[in-house]
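Enquirer: Here's a structure for you.
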Protein chains: 2
Amino acid sequence: MNDSRHRNKEEFRREILDAARELFAGDGYGNFSMRKLARRIGYSPTTIYLYFRDKDELLFCLSEELFSDMDSALRRLSEEGAGPLGILRNALLMYVEYGLANPEHYRVAFFTSPVVYGSPREYLERDTMSRRSYFQFRDLVAECCASGELRPRDPDLLAQALWAGMHGVISAGIYAQDFPLVDPDLLAQTMVEGLLNGFRK
Amino acid sequence: MNDSRHRNKEEFRREILDAARELFAGDGYGNFSMRKLARRIGYSPTTIYLYFRDKDELLFCLSEELFSDMDSALRRLSEEGAGPLGILRNALLMYVEYGLANPEHYRVAFFTSPVVYGSPREYLERDTMSRRSYFQFRDLVAECCASGELRPRDPDLLAQALWAGMHGVISAGIYAQDFPLVDPDLLAQTMVEGLLNGFRK
DNA sequence: CATTTCACTTAACACTGTTAAGCTGCCACC
DNA sequence: GGTGGCAGCTTAACAGTGTTAAGTGAAATG
């Protein structure tokens, strides 16, 4: 059918992932299926299984893409030199903005099968983009404590509390379609202000 | 097959809902299906459709059960007379506790088909348990502003920010099975402390 | 030229939600 | 007492899902 046989396996994987991302963005998370993805790339459904163990692995790869974006975005922000707390504030707001702008992608990363990275131990051992971005974020939070802008605390606890707050805002924006939610941007600002104010020294 | 023919339609609906709740709690959200539910109650799958329009309506009813529980729990807390802010603190902690203790039920209420109550307008018009519990919570938040314990703000904005924070903690506890999450109770306490401190006058 | 290997497909299995049509036993009515 | 209607439930089917075992045809290798 498709004339160009893929000698390059990695190249084809990318092609499948790109198609999957477009399918998610277009038809929404609930309407995604391996068979539709296959139709879209012009191959039979089973072909995908020659490049990805199963659906979960495909979704895992998509997640990693998202965390890779997060990681580089945070890196860019850190170079602006707005001071640790300023960077943290911008990072939190950017996180929500990104999540709300890419709801289907965010869903894949956070609301699919509960176990994609294995176990908490494996998560800490494997070098994934998810781990990299989390560590980078946690370091930033620790920096805010070290610089005296936030009250000293366990960095994991503080980082996860801040993240959970923003995660809650994004979840609300994504899932509460039938709820009279206030403007998500305003909600995000309020959350950031409340939490940073609450954890300030 | 089943000898006792149900002259009482409402009674049978309850029986189905009870079975559904047990099935969720036992096999988990991902393993629930109409056919399994039918097998469990000893009827054919189509029978369920004589009592519920479709799967969504069944899940809606389960959600309403959860919000009904929330509503009465909040009512009980309010009668303890710990002062508005004390009640609010307890309510927020109780919310997380309940969500983490009933993860499958919480999933049904917040992470299924995005539209179960119709639209934001319909949400405000229909008298649902979801609406009742939200209004009660928002009123409590407004009371905290009125009593001068929290900085005055739009009650919806403040209520939703507080809710989103707790919702984020529960979501993390439910979905981040493979992430090295800190103790969820500690995370909840930190979130409550941070937010209430941040919004204090 | 024969054989192996590679890239892919066909057919199938066991599921899913949902609907149209059919069966069965009981009640009311003539 | 017989019979029509009907309520309550079931069977069969449709269109879809993720996934696997087996097969096909062409290219590469000996």
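We label chains A, B, ... in the order they appear in the structure tokens, count residues from 1 in each chain, and number ligands from 1 in the order shown.
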Find the residues around range 15-25 of chain D up to 12 Å (only C-alpha atoms (C1' of nucleotides) counted), leave out those fewer than 5 positions away in its own chain, and share them as a ChimeraX atom specification.
Expert: /A:30-36,45-50,53-56 /C:6-19
Enquirer: With N, CA and C atoms (P, O5', C5', C4', C3', O3' and C1' of nucleotides) retained, export the selected residues as a compact mmCIF listing (two decimals), in the first residue's frame.
Expert:
# COMPACT_ATOMS: atom_id res chain seq x y z
N GLY A 30 -11.53 10.79 24.26
CA GLY A 30 -12.47 9.66 24.30
C GLY A 30 -12.65 8.97 22.97
N ASN A 31 -12.32 9.67 21.89
CA ASN A 31 -12.54 9.10 20.56
C ASN A 31 -11.28 8.54 19.92
N PHE A 32 -10.25 8.45 20.71
CA PHE A 32 -9.01 7.90 20.18
C PHE A 32 -9.06 6.37 20.21
N SER A 33 -8.56 5.75 19.17
CA SER A 33 -8.42 4.29 19.19
C SER A 33 -7.27 3.88 18.28
N MET A 34 -6.72 2.73 18.57
CA MET A 34 -5.61 2.21 17.78
C MET A 34 -6.03 2.03 16.32
N ARG A 35 -7.25 1.61 16.12
CA ARG A 35 -7.72 1.36 14.76
C ARG A 35 -7.88 2.65 13.97
N LYS A 36 -8.38 3.69 14.62
CA LYS A 36 -8.49 4.99 13.96
C LYS A 36 -7.11 5.53 13.62
N PRO A 45 -4.09 -1.99 11.63
CA PRO A 45 -3.92 -1.78 13.08
C PRO A 45 -2.73 -2.53 13.65
N THR A 46 -2.51 -3.72 13.17
CA THR A 46 -1.44 -4.53 13.78
C THR A 46 -0.05 -3.98 13.53
N THR A 47 0.09 -3.20 12.49
CA THR A 47 1.41 -2.63 12.19
C THR A 47 1.93 -1.80 13.36
N ILE A 48 1.01 -1.07 13.99
CA ILE A 48 1.41 -0.24 15.11
C ILE A 48 2.09 -1.07 16.20
N TYR A 49 1.63 -2.30 16.34
CA TYR A 49 2.16 -3.16 17.40
C TYR A 49 3.57 -3.65 17.11
N LEU A 50 4.03 -3.39 15.89
CA LEU A 50 5.43 -3.71 15.57
C LEU A 50 6.36 -2.60 16.04
N ARG A 53 4.77 -1.69 21.95
CA ARG A 53 4.32 -2.92 22.60
C ARG A 53 2.80 -2.97 22.70
N ASP A 54 2.21 -1.89 23.19
CA ASP A 54 0.75 -1.82 23.28
C ASP A 54 0.32 -0.36 23.39
N LYS A 55 -0.93 -0.15 23.57
CA LYS A 55 -1.47 1.21 23.62
C LYS A 55 -0.82 2.02 24.75
N ASP A 56 -0.61 1.36 25.89
CA ASP A 56 -0.02 2.05 27.03
C ASP A 56 1.35 2.62 26.70
P DC C 6 15.47 -9.68 9.96
O5' DC C 6 14.63 -8.48 9.34
C5' DC C 6 14.98 -7.97 8.05
C4' DC C 6 13.74 -7.46 7.35
C3' DC C 6 12.79 -6.68 8.27
O3' DC C 6 12.67 -5.36 7.74
C1' DC C 6 11.60 -8.22 6.89
P DA C 7 11.96 -4.25 8.60
O5' DA C 7 10.54 -4.14 7.89
C5' DA C 7 10.47 -3.83 6.51
C4' DA C 7 9.02 -3.85 6.08
C3' DA C 7 8.08 -3.13 7.07
O3' DA C 7 7.24 -2.27 6.33
C1' DA C 7 7.34 -5.36 6.68
P DC C 8 6.20 -1.34 7.12
O5' DC C 8 4.85 -2.17 7.00
C5' DC C 8 4.41 -2.58 5.70
C4' DC C 8 3.47 -3.76 5.79
C3' DC C 8 2.20 -3.54 6.59
O3' DC C 8 1.17 -3.08 5.72
C1' DC C 8 3.04 -5.79 6.69
P DT C 9 -0.31 -2.93 6.25
O5' DT C 9 -0.90 -4.40 6.03
C5' DT C 9 -0.79 -5.02 4.75
C4' DT C 9 -1.61 -6.31 4.73
C3' DT C 9 -3.05 -6.15 5.24
O3' DT C 9 -3.91 -6.90 4.39
C1' DT C 9 -1.92 -7.80 6.52
P DT C 10 -5.49 -6.68 4.47
O5' DT C 10 -6.05 -8.15 4.68
C5' DT C 10 -5.18 -9.27 4.45
C4' DT C 10 -5.77 -10.54 5.06
C3' DT C 10 -7.23 -10.50 5.49
O3' DT C 10 -7.83 -11.74 5.16
C1' DT C 10 -5.90 -11.01 7.36
P DA C 11 -9.38 -12.04 5.46
O5' DA C 11 -9.34 -12.78 6.86
C5' DA C 11 -8.43 -13.87 7.04
C4' DA C 11 -8.60 -14.45 8.43
C3' DA C 11 -10.04 -14.46 8.96
O3' DA C 11 -10.27 -15.72 9.55
C1' DA C 11 -8.64 -13.31 10.49
P DA C 12 -11.72 -16.11 10.17
O5' DA C 12 -11.47 -15.96 11.73
C5' DA C 12 -10.36 -16.66 12.31
C4' DA C 12 -10.08 -16.11 13.67
C3' DA C 12 -11.29 -16.03 14.61
O3' DA C 12 -11.19 -17.07 15.57
C1' DA C 12 -9.85 -14.11 14.78
P DC C 13 -12.36 -17.33 16.61
O5' DC C 13 -11.87 -16.59 17.94
C5' DC C 13 -10.54 -16.81 18.42
C4' DC C 13 -10.34 -15.98 19.67
C3' DC C 13 -11.58 -15.90 20.56
O3' DC C 13 -11.24 -16.17 21.91
C1' DC C 13 -10.80 -13.72 20.02
P DA C 14 -12.40 -16.71 22.87
O5' DA C 14 -12.51 -15.52 23.93
C5' DA C 14 -11.33 -14.86 24.39
C4' DA C 14 -11.68 -13.44 24.76
C3' DA C 14 -13.02 -13.27 25.50
O3' DA C 14 -12.81 -12.51 26.67
C1' DA C 14 -12.87 -11.75 23.75
P DC C 15 -13.91 -12.62 27.86
O5' DC C 15 -14.21 -11.10 28.21
C5' DC C 15 -15.22 -10.38 27.48
C4' DC C 15 -14.67 -9.05 27.06
C3' DC C 15 -15.70 -7.92 27.12
O3' DC C 15 -15.72 -7.35 28.41
C1' DC C 15 -14.48 -7.85 25.07
P DT C 16 -17.11 -6.79 28.97
O5' DT C 16 -17.33 -5.44 28.14
C5' DT C 16 -16.40 -4.36 28.29
C4' DT C 16 -16.74 -3.28 27.30
C3' DT C 16 -18.20 -2.84 27.33
O3' DT C 16 -18.38 -1.89 28.36
C1' DT C 16 -17.43 -3.11 25.07
P DG C 17 -19.86 -1.62 28.89
O5' DG C 17 -20.56 -0.76 27.75
C5' DG C 17 -20.07 0.54 27.46
C4' DG C 17 -20.92 1.18 26.37
C3' DG C 17 -22.38 1.39 26.75
O3' DG C 17 -22.85 2.62 26.19
C1' DG C 17 -22.26 -0.07 24.89
P DT C 18 -24.33 3.11 26.53
O5' DT C 18 -25.20 2.40 25.41
C5' DT C 18 -24.89 2.67 24.03
C4' DT C 18 -25.82 1.88 23.14
C3' DT C 18 -27.31 1.91 23.55
O3' DT C 18 -28.00 2.68 22.58
C1' DT C 18 -26.60 -0.25 22.84
P DT C 19 -29.56 2.98 22.74
O5' DT C 19 -30.18 1.94 21.70
C5' DT C 19 -29.72 1.95 20.35
C4' DT C 19 -30.38 0.81 19.58
C3' DT C 19 -31.90 0.72 19.75
O3' DT C 19 -32.47 0.69 18.45
C1' DT C 19 -30.87 -1.39 20.13
Enquirer: Write out as a tab-separated table (two decimals) with N, CA and C atoms, in the first residue's frame all residues of range 74-164 of chain B that DSSP puts in helix (DSSP H, G or I) for this structure's backbone.
Expert:
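As written to disk, selection.tsv reads:
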chain	number	residue	atom	x	y	z
B	74	LEU	N	-21.00	17.84	55.36
B	74	LEU	CA	-20.71	19.25	55.59
B	74	LEU	C	-21.72	19.84	56.59
B	75	ARG	N	-22.97	19.40	56.45
B	75	ARG	CA	-24.02	19.86	57.36
B	75	ARG	C	-23.68	19.45	58.80
B	76	ARG	N	-23.24	18.19	58.94
B	76	ARG	CA	-22.86	17.70	60.28
B	76	ARG	C	-21.72	18.53	60.85
B	77	LEU	N	-20.70	18.79	60.01
B	77	LEU	CA	-19.55	19.57	60.47
B	77	LEU	C	-19.96	20.96	60.92
B	78	SER	N	-20.90	21.55	60.19
B	78	SER	CA	-21.32	22.93	60.48
B	78	SER	C	-21.97	23.05	61.84
B	84	PRO	N	-16.60	29.68	61.71
B	84	PRO	CA	-16.55	29.52	60.24
B	84	PRO	C	-15.24	28.97	59.72
B	85	LEU	N	-14.13	29.59	60.12
B	85	LEU	CA	-12.85	29.16	59.57
B	85	LEU	C	-12.47	27.76	60.04
B	86	GLY	N	-12.80	27.45	61.29
B	86	GLY	CA	-12.53	26.12	61.80
B	86	GLY	C	-13.34	25.07	61.06
B	87	ILE	N	-14.60	25.39	60.79
B	87	ILE	CA	-15.46	24.48	60.03
B	87	ILE	C	-14.90	24.29	58.63
B	88	LEU	N	-14.50	25.40	58.02
B	88	LEU	CA	-13.95	25.32	56.66
B	88	LEU	C	-12.71	24.44	56.62
B	89	ARG	N	-11.82	24.64	57.58
B	89	ARG	CA	-10.60	23.82	57.63
B	89	ARG	C	-10.97	22.34	57.73
B	90	ASN	N	-11.86	22.02	58.66
B	90	ASN	CA	-12.28	20.62	58.83
B	90	ASN	C	-12.94	20.07	57.58
B	91	ALA	N	-13.74	20.92	56.94
B	91	ALA	CA	-14.44	20.48	55.73
B	91	ALA	C	-13.45	20.12	54.63
B	92	LEU	N	-12.45	20.96	54.47
B	92	LEU	CA	-11.46	20.71	53.41
B	92	LEU	C	-10.68	19.42	53.67
B	93	LEU	N	-10.31	19.23	54.93
B	93	LEU	CA	-9.57	18.00	55.27
B	93	LEU	C	-10.45	16.77	55.10
B	94	MET	N	-11.71	16.91	55.52
B	94	MET	CA	-12.64	15.79	55.38
B	94	MET	C	-12.86	15.43	53.92
B	95	TYR	N	-12.91	16.46	53.09
B	95	TYR	CA	-13.13	16.24	51.66
B	95	TYR	C	-12.04	15.36	51.07
B	96	VAL	N	-10.81	15.71	51.37
B	96	VAL	CA	-9.69	14.91	50.86
B	96	VAL	C	-9.74	13.49	51.42
B	97	GLU	N	-10.02	13.40	52.71
B	97	GLU	CA	-10.08	12.08	53.34
B	97	GLU	C	-11.11	11.20	52.65
B	98	TYR	N	-12.27	11.78	52.42
B	98	TYR	CA	-13.35	11.03	51.76
B	98	TYR	C	-12.95	10.62	50.35
B	99	GLY	N	-12.38	11.55	49.62
B	99	GLY	CA	-11.98	11.26	48.24
B	99	GLY	C	-10.94	10.16	48.15
B	100	LEU	N	-9.98	10.20	49.06
B	100	LEU	CA	-8.91	9.20	49.03
B	100	LEU	C	-9.40	7.84	49.54
B	101	ALA	N	-10.42	7.87	50.40
B	101	ALA	CA	-10.97	6.61	50.92
B	101	ALA	C	-11.90	5.95	49.91
B	103	PRO	N	-11.72	6.21	46.20
B	103	PRO	CA	-11.15	6.71	44.94
B	103	PRO	C	-12.00	6.37	43.72
B	104	GLU	N	-12.55	5.16	43.67
B	104	GLU	CA	-13.33	4.76	42.49
B	104	GLU	C	-14.60	5.57	42.37
B	105	HIS	N	-15.22	5.81	43.50
B	105	HIS	CA	-16.43	6.62	43.52
B	105	HIS	C	-16.10	8.06	43.11
B	106	TYR	N	-14.99	8.57	43.61
B	106	TYR	CA	-14.57	9.92	43.26
B	106	TYR	C	-14.30	10.05	41.77
B	107	ARG	N	-13.68	9.02	41.23
B	107	ARG	CA	-13.42	8.98	39.79
B	107	ARG	C	-14.69	9.10	38.98
B	108	VAL	N	-15.69	8.35	39.39
B	108	VAL	CA	-16.96	8.36	38.68
B	108	VAL	C	-17.52	9.78	38.66
B	109	ALA	N	-17.44	10.44	39.81
B	109	ALA	CA	-18.05	11.76	39.93
B	109	ALA	C	-17.29	12.84	39.15
B	110	PHE	N	-15.97	12.71	39.08
B	110	PHE	CA	-15.19	13.83	38.54
B	110	PHE	C	-14.42	13.54	37.26
B	120	PRO	N	-23.21	24.67	32.08
B	120	PRO	CA	-23.14	25.49	33.29
B	120	PRO	C	-24.49	26.12	33.65
B	121	ARG	N	-25.24	26.53	32.64
B	121	ARG	CA	-26.56	27.12	32.93
B	121	ARG	C	-27.50	26.10	33.54
B	122	GLU	N	-27.56	24.95	32.90
B	122	GLU	CA	-28.41	23.88	33.44
B	122	GLU	C	-27.99	23.49	34.85
B	123	TYR	N	-26.67	23.49	35.06
B	123	TYR	CA	-26.16	23.14	36.39
B	123	TYR	C	-26.76	24.06	37.45
B	124	LEU	N	-26.86	25.34	37.11
B	124	LEU	CA	-27.37	26.31	38.09
B	124	LEU	C	-28.88	26.24	38.22
B	125	GLU	N	-29.55	25.67	37.21
B	125	GLU	CA	-31.00	25.62	37.23
B	125	GLU	C	-31.54	24.34	37.86
B	129	MET	N	-27.88	17.28	43.77
B	129	MET	CA	-27.09	17.22	45.01
B	129	MET	C	-25.74	17.88	44.81
B	130	SER	N	-25.23	17.80	43.59
B	130	SER	CA	-23.97	18.45	43.29
B	130	SER	C	-24.09	19.96	43.53
B	131	ARG	N	-25.17	20.54	43.02
B	131	ARG	CA	-25.37	21.97	43.19
B	131	ARG	C	-25.57	22.33	44.66
B	132	ARG	N	-26.41	21.56	45.33
B	132	ARG	CA	-26.67	21.82	46.76
B	132	ARG	C	-25.38	21.85	47.56
B	133	SER	N	-24.54	20.83	47.35
B	133	SER	CA	-23.32	20.76	48.15
B	133	SER	C	-22.36	21.89	47.79
B	134	TYR	N	-22.33	22.25	46.50
B	134	TYR	CA	-21.46	23.36	46.11
B	134	TYR	C	-21.93	24.66	46.76
B	135	PHE	N	-23.22	24.92	46.70
B	135	PHE	CA	-23.76	26.15	47.30
B	135	PHE	C	-23.47	26.21	48.80
B	136	GLN	N	-23.66	25.06	49.44
B	136	GLN	CA	-23.42	25.04	50.89
B	136	GLN	C	-21.96	25.38	51.19
B	137	PHE	N	-21.08	24.81	50.38
B	137	PHE	CA	-19.65	25.06	50.57
B	137	PHE	C	-19.32	26.53	50.31
B	138	ARG	N	-19.87	27.06	49.23
B	138	ARG	CA	-19.60	28.45	48.88
B	138	ARG	C	-20.11	29.40	49.96
B	139	ASP	N	-21.26	29.07	50.52
B	139	ASP	CA	-21.81	29.91	51.59
B	139	ASP	C	-20.89	29.92	52.81
B	140	LEU	N	-20.33	28.74	53.07
B	140	LEU	CA	-19.41	28.65	54.21
B	140	LEU	C	-18.19	29.53	53.98
B	141	VAL	N	-17.67	29.49	52.76
B	141	VAL	CA	-16.53	30.33	52.42
B	141	VAL	C	-16.89	31.82	52.57
B	142	ALA	N	-18.08	32.16	52.09
B	142	ALA	CA	-18.53	33.56	52.18
B	142	ALA	C	-18.64	34.00	53.64
B	143	GLU	N	-19.08	33.06	54.48
B	143	GLU	CA	-19.19	33.35	55.90
B	143	GLU	C	-17.83	33.70	56.51
B	144	CYS	N	-16.81	32.98	56.05
B	144	CYS	CA	-15.46	33.24	56.54
B	144	CYS	C	-15.00	34.65	56.15
B	145	CYS	N	-15.43	35.09	54.98
B	145	CYS	CA	-15.11	36.46	54.57
B	145	CYS	C	-15.90	37.46	55.41
B	146	ALA	N	-17.18	37.16	55.61
B	146	ALA	CA	-18.05	38.07	56.35
B	146	ALA	C	-17.58	38.23	57.80
B	155	PRO	N	-17.05	35.11	46.23
B	155	PRO	CA	-17.18	33.82	46.91
B	155	PRO	C	-16.96	32.64	45.96
B	156	ASP	N	-17.43	32.76	44.71
B	156	ASP	CA	-17.23	31.67	43.76
B	156	ASP	C	-15.74	31.47	43.47
B	157	LEU	N	-15.04	32.57	43.27
B	157	LEU	CA	-13.61	32.47	42.99
B	157	LEU	C	-12.87	31.82	44.15
B	158	LEU	N	-13.17	32.30	45.35
B	158	LEU	CA	-12.47	31.80	46.53
B	158	LEU	C	-12.83	30.34	46.79
B	159	ALA	N	-14.11	30.03	46.70
B	159	ALA	CA	-14.56	28.65	46.93
B	159	ALA	C	-13.92	27.71	45.92
B	160	GLN	N	-13.89	28.12	44.68
B	160	GLN	CA	-13.35	27.23	43.65
B	160	GLN	C	-11.84	27.08	43.75
B	161	ALA	N	-11.18	28.12	44.20
B	161	ALA	CA	-9.73	28.01	44.40
B	161	ALA	C	-9.45	27.00	45.52
B	162	LEU	N	-10.19	27.12	46.60
B	162	LEU	CA	-9.99	26.18	47.71
B	162	LEU	C	-10.33	24.76	47.27
B	163	TRP	N	-11.45	24.63	46.58
B	163	TRP	CA	-11.85	23.29	46.12
B	163	TRP	C	-10.80	22.71	45.17
B	164	ALA	N	-10.34	23.53	44.22
B	164	ALA	CA	-9.38	23.05	43.23
B	164	ALA	C	-8.11	22.55	43.90
Enquirer: If we count only C-alpha atoms (C1' of nucleotides) and set the cut-off at 10 Å, which residues sit around DT10 in chain D, ignoring sequence neighbours fewer than 2 positions away in its own chain? Please answer as a list in words.
Expert: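 My reading of the contact set: Tyr43, Ser44, Pro45, Thr46 and Thr47 of chain B; DG22, DC23 and DT24 of chain C; DG8 and DA12 of chain D.
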Enquirer: I need the residues from that last selection saved to file as an mmCIF file, in the first residue's frame (with C-alpha atoms (C1' of nucleotides)), if you can.
Expert:
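In the end it all went to again39.cif:
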data_model
loop_
_atom_site.group_PDB
_atom_site.id
_atom_site.type_symbol
_atom_site.label_atom_id
_atom_site.label_comp_id
_atom_site.auth_asym_id
_atom_site.auth_seq_id
_atom_site.Cartn_x
_atom_site.Cartn_y
_atom_site.Cartn_z
ATOM 1 C CA TYR B 43 -30.135 -10.202 34.843
ATOM 2 C CA SER B 44 -29.377 -9.753 31.179
ATOM 3 C CA PRO B 45 -27.489 -6.603 30.169
ATOM 4 C CA THR B 46 -30.504 -5.115 28.423
ATOM 5 C CA THR B 47 -32.583 -5.145 31.588
ATOM 6 C "C1'" DG C 22 -39.123 -11.756 20.529
ATOM 7 C "C1'" DC C 23 -40.653 -14.587 24.397
ATOM 8 C "C1'" DT C 24 -43.275 -15.618 28.743
ATOM 9 C "C1'" DG D 8 -40.711 -7.625 32.460
ATOM 10 C "C1'" DA D 12 -29.565 -11.806 18.746
#
Enquirer: Kindly provide the residues of chain B that approach chain A to within 8 Å, each paired with its closest atom pair and their distance in Å to one decimal, based on only C-alpha atoms, listed by chain and increasing number, as a tab-separated table.
Expert:
residue	atom	partner	partner_atom	distance
B:Phe110	CA	A:Tyr175	CA	7.0
B:Phe111	CA	A:Tyr175	CA	6.6
B:Pro114	CA	A:Tyr175	CA	5.2
B:Val115	CA	A:Asp178	CA	5.5
B:Val116	CA	A:Asp178	CA	7.0
B:Tyr117	CA	A:Asp178	CA	5.8
B:Gly118	CA	A:Asp178	CA	5.6
B:Ser119	CA	A:Asp178	CA	4.2
B:Pro120	CA	A:Pro180	CA	4.5
B:Arg121	CA	A:Pro180	CA	7.2
B:Glu122	CA	A:Asp178	CA	8.0
B:Tyr123	CA	A:Phe179	CA	6.3
B:Leu124	CA	A:Pro180	CA	7.6
B:Asp156	CA	A:Val182	CA	7.1
B:Leu157	CA	A:Val182	CA	6.2
B:Leu158	CA	A:Thr190	CA	7.9
B:Gln160	CA	A:Leu187	CA	7.6
B:Ala161	CA	A:Met191	CA	5.9
B:Ala164	CA	A:Gly168	CA	4.6
B:Gly165	CA	A:Gly165	CA	4.4
B:Met166	CA	A:Gly168	CA	7.3
B:His167	CA	A:Gly168	CA	5.4
B:Gly168	CA	A:Gly168	CA	3.7
B:Val169	CA	A:Ala164	CA	5.5
B:Ser171	CA	A:Gly168	CA	7.5
B:Ala172	CA	A:Ala164	CA	6.8
B:Ile174	CA	A:Pro114	CA	8.0
B:Tyr175	CA	A:Pro114	CA	5.2
B:Ala176	CA	A:Pro114	CA	6.4
B:Gln177	CA	A:Pro114	CA	5.8
B:Asp178	CA	A:Ser119	CA	4.2
B:Phe179	CA	A:Pro120	CA	4.7
B:Pro180	CA	A:Pro120	CA	4.5
B:Leu181	CA	A:Gln160	CA	7.6
B:Val182	CA	A:Leu157	CA	6.2
B:Leu187	CA	A:Ala161	CA	6.1
B:Thr190	CA	A:Ala161	CA	6.8
B:Met191	CA	A:Ala161	CA	5.9
B:Glu193	CA	A:Gly198	CA	7.4
B:Gly194	CA	A:Gly198	CA	4.4
B:Leu195	CA	A:Leu195	CA	5.4
B:Leu196	CA	A:Gly198	CA	7.2
B:Asn197	CA	A:Gly198	CA	4.7
B:Gly198	CA	A:Gly198	CA	3.7
B:Phe199	CA	A:Gly194	CA	5.7
Enquirer: Produce a file of the selected residues containing C-alpha atoms, as a PDB file, in the first residue's frame.
Expert:
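The resulting file, again_2.pdb, is shown below:
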ATOM      1  CA  PHE B 110     -15.193  13.827  38.543  1.00  0.00           C
ATOM      2  CA  PHE B 111     -13.390  11.998  35.775  1.00  0.00           C
ATOM      3  CA  PRO B 114     -17.192  15.579  30.889  1.00  0.00           C
ATOM      4  CA  VAL B 115     -20.824  16.526  30.462  1.00  0.00           C
ATOM      5  CA  VAL B 116     -23.271  14.935  32.875  1.00  0.00           C
ATOM      6  CA  TYR B 117     -25.112  17.923  34.238  1.00  0.00           C
ATOM      7  CA  GLY B 118     -25.666  19.453  30.798  1.00  0.00           C
ATOM      8  CA  SER B 119     -24.216  22.954  30.677  1.00  0.00           C
ATOM      9  CA  PRO B 120     -23.137  25.494  33.294  1.00  0.00           C
ATOM     10  CA  ARG B 121     -26.558  27.117  32.927  1.00  0.00           C
ATOM     11  CA  GLU B 122     -28.410  23.881  33.440  1.00  0.00           C
ATOM     12  CA  TYR B 123     -26.160  23.142  36.390  1.00  0.00           C
ATOM     13  CA  LEU B 124     -27.368  26.308  38.085  1.00  0.00           C
ATOM     14  CA  ASP B 156     -17.227  31.674  43.757  1.00  0.00           C
ATOM     15  CA  LEU B 157     -13.612  32.469  42.991  1.00  0.00           C
ATOM     16  CA  LEU B 158     -12.469  31.802  46.532  1.00  0.00           C
ATOM     17  CA  GLN B 160     -13.353  27.229  43.650  1.00  0.00           C
ATOM     18  CA  ALA B 161      -9.734  28.008  44.402  1.00  0.00           C
ATOM     19  CA  ALA B 164      -9.380  23.049  43.225  1.00  0.00           C
ATOM     20  CA  GLY B 165      -6.520  22.777  45.687  1.00  0.00           C
ATOM     21  CA  MET B 166      -8.095  19.845  47.486  1.00  0.00           C
ATOM     22  CA  HIS B 167      -9.217  18.333  44.221  1.00  0.00           C
ATOM     23  CA  GLY B 168      -5.617  18.440  43.047  1.00  0.00           C
ATOM     24  CA  VAL B 169      -4.480  16.545  46.124  1.00  0.00           C
ATOM     25  CA  SER B 171      -6.349  13.580  41.907  1.00  0.00           C
ATOM     26  CA  ALA B 172      -2.692  13.164  42.717  1.00  0.00           C
ATOM     27  CA  ILE B 174      -5.702   8.600  42.854  1.00  0.00           C
ATOM     28  CA  TYR B 175      -3.745   8.836  39.628  1.00  0.00           C
ATOM     29  CA  ALA B 176      -0.122   9.190  40.658  1.00  0.00           C
ATOM     30  CA  GLN B 177       0.238   5.537  41.596  1.00  0.00           C
ATOM     31  CA  ASP B 178       3.708   5.305  40.124  1.00  0.00           C
ATOM     32  CA  PHE B 179       4.938   8.665  41.351  1.00  0.00           C
ATOM     33  CA  PRO B 180       6.835   9.052  44.652  1.00  0.00           C
ATOM     34  CA  LEU B 181       4.086  11.118  46.201  1.00  0.00           C
ATOM     35  CA  VAL B 182       4.530  12.362  49.751  1.00  0.00           C
ATOM     36  CA  LEU B 187      -0.042  16.949  51.473  1.00  0.00           C
ATOM     37  CA  THR B 190       0.000  21.473  53.792  1.00  0.00           C
ATOM     38  CA  MET B 191      -2.452  22.528  51.095  1.00  0.00           C
ATOM     39  CA  GLU B 193      -2.573  25.465  55.694  1.00  0.00           C
ATOM     40  CA  GLY B 194      -1.029  27.152  52.678  1.00  0.00           C
ATOM     41  CA  LEU B 195      -4.292  28.255  51.100  1.00  0.00           C
ATOM     42  CA  LEU B 196      -6.051  29.403  54.270  1.00  0.00           C
ATOM     43  CA  ASN B 197      -2.926  31.209  55.354  1.00  0.00           C
ATOM     44  CA  GLY B 198      -2.604  32.791  51.923  1.00  0.00           C
ATOM     45  CA  PHE B 199      -6.202  34.002  51.871  1.00  0.00           C
TER      46      PHE B 199
END
Enquirer: Provide the CA of Leu37 in chain A to CA of Glu57 in chain A distance in Å, to one decimal place.
Expert: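 Interatomic distance here is 14.5 Å.
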Enquirer: Write out as a PyMOL selection string which residues come within 8 Å of Ile41 in chain A when counting only C-alpha atoms (C1' of nucleotides), dropping same-chain ones fewer than 3 positions away.
Expert: chain A and resi 16+19+37-38
Enquirer: For the residues in that selection, give me N, CA and C atoms as an mmCIF file, in the first residue's frame.
Expert:
data_model
loop_
_atom_site.group_PDB
_atom_site.id
_atom_site.type_symbol
_atom_site.label_atom_id
_atom_site.label_comp_id
_atom_site.auth_asym_id
_atom_site.auth_seq_id
_atom_site.Cartn_x
_atom_site.Cartn_y
_atom_site.Cartn_z
ATOM 1 N N ILE A 16 4.093 7.885 13.735
ATOM 2 C CA ILE A 16 2.914 7.375 14.434
ATOM 3 C C ILE A 16 2.537 8.291 15.588
ATOM 4 N N ALA A 19 0.924 11.457 14.397
ATOM 5 C CA ALA A 19 -0.457 11.210 13.999
ATOM 6 C C ALA A 19 -1.349 11.043 15.230
ATOM 7 N N LEU A 37 -6.206 5.364 14.576
ATOM 8 C CA LEU A 37 -4.827 5.810 14.349
ATOM 9 C C LEU A 37 -4.239 5.091 13.143
ATOM 10 N N ALA A 38 -4.486 3.785 13.072
ATOM 11 C CA ALA A 38 -3.982 2.991 11.947
ATOM 12 C C ALA A 38 -4.547 3.513 10.622
#
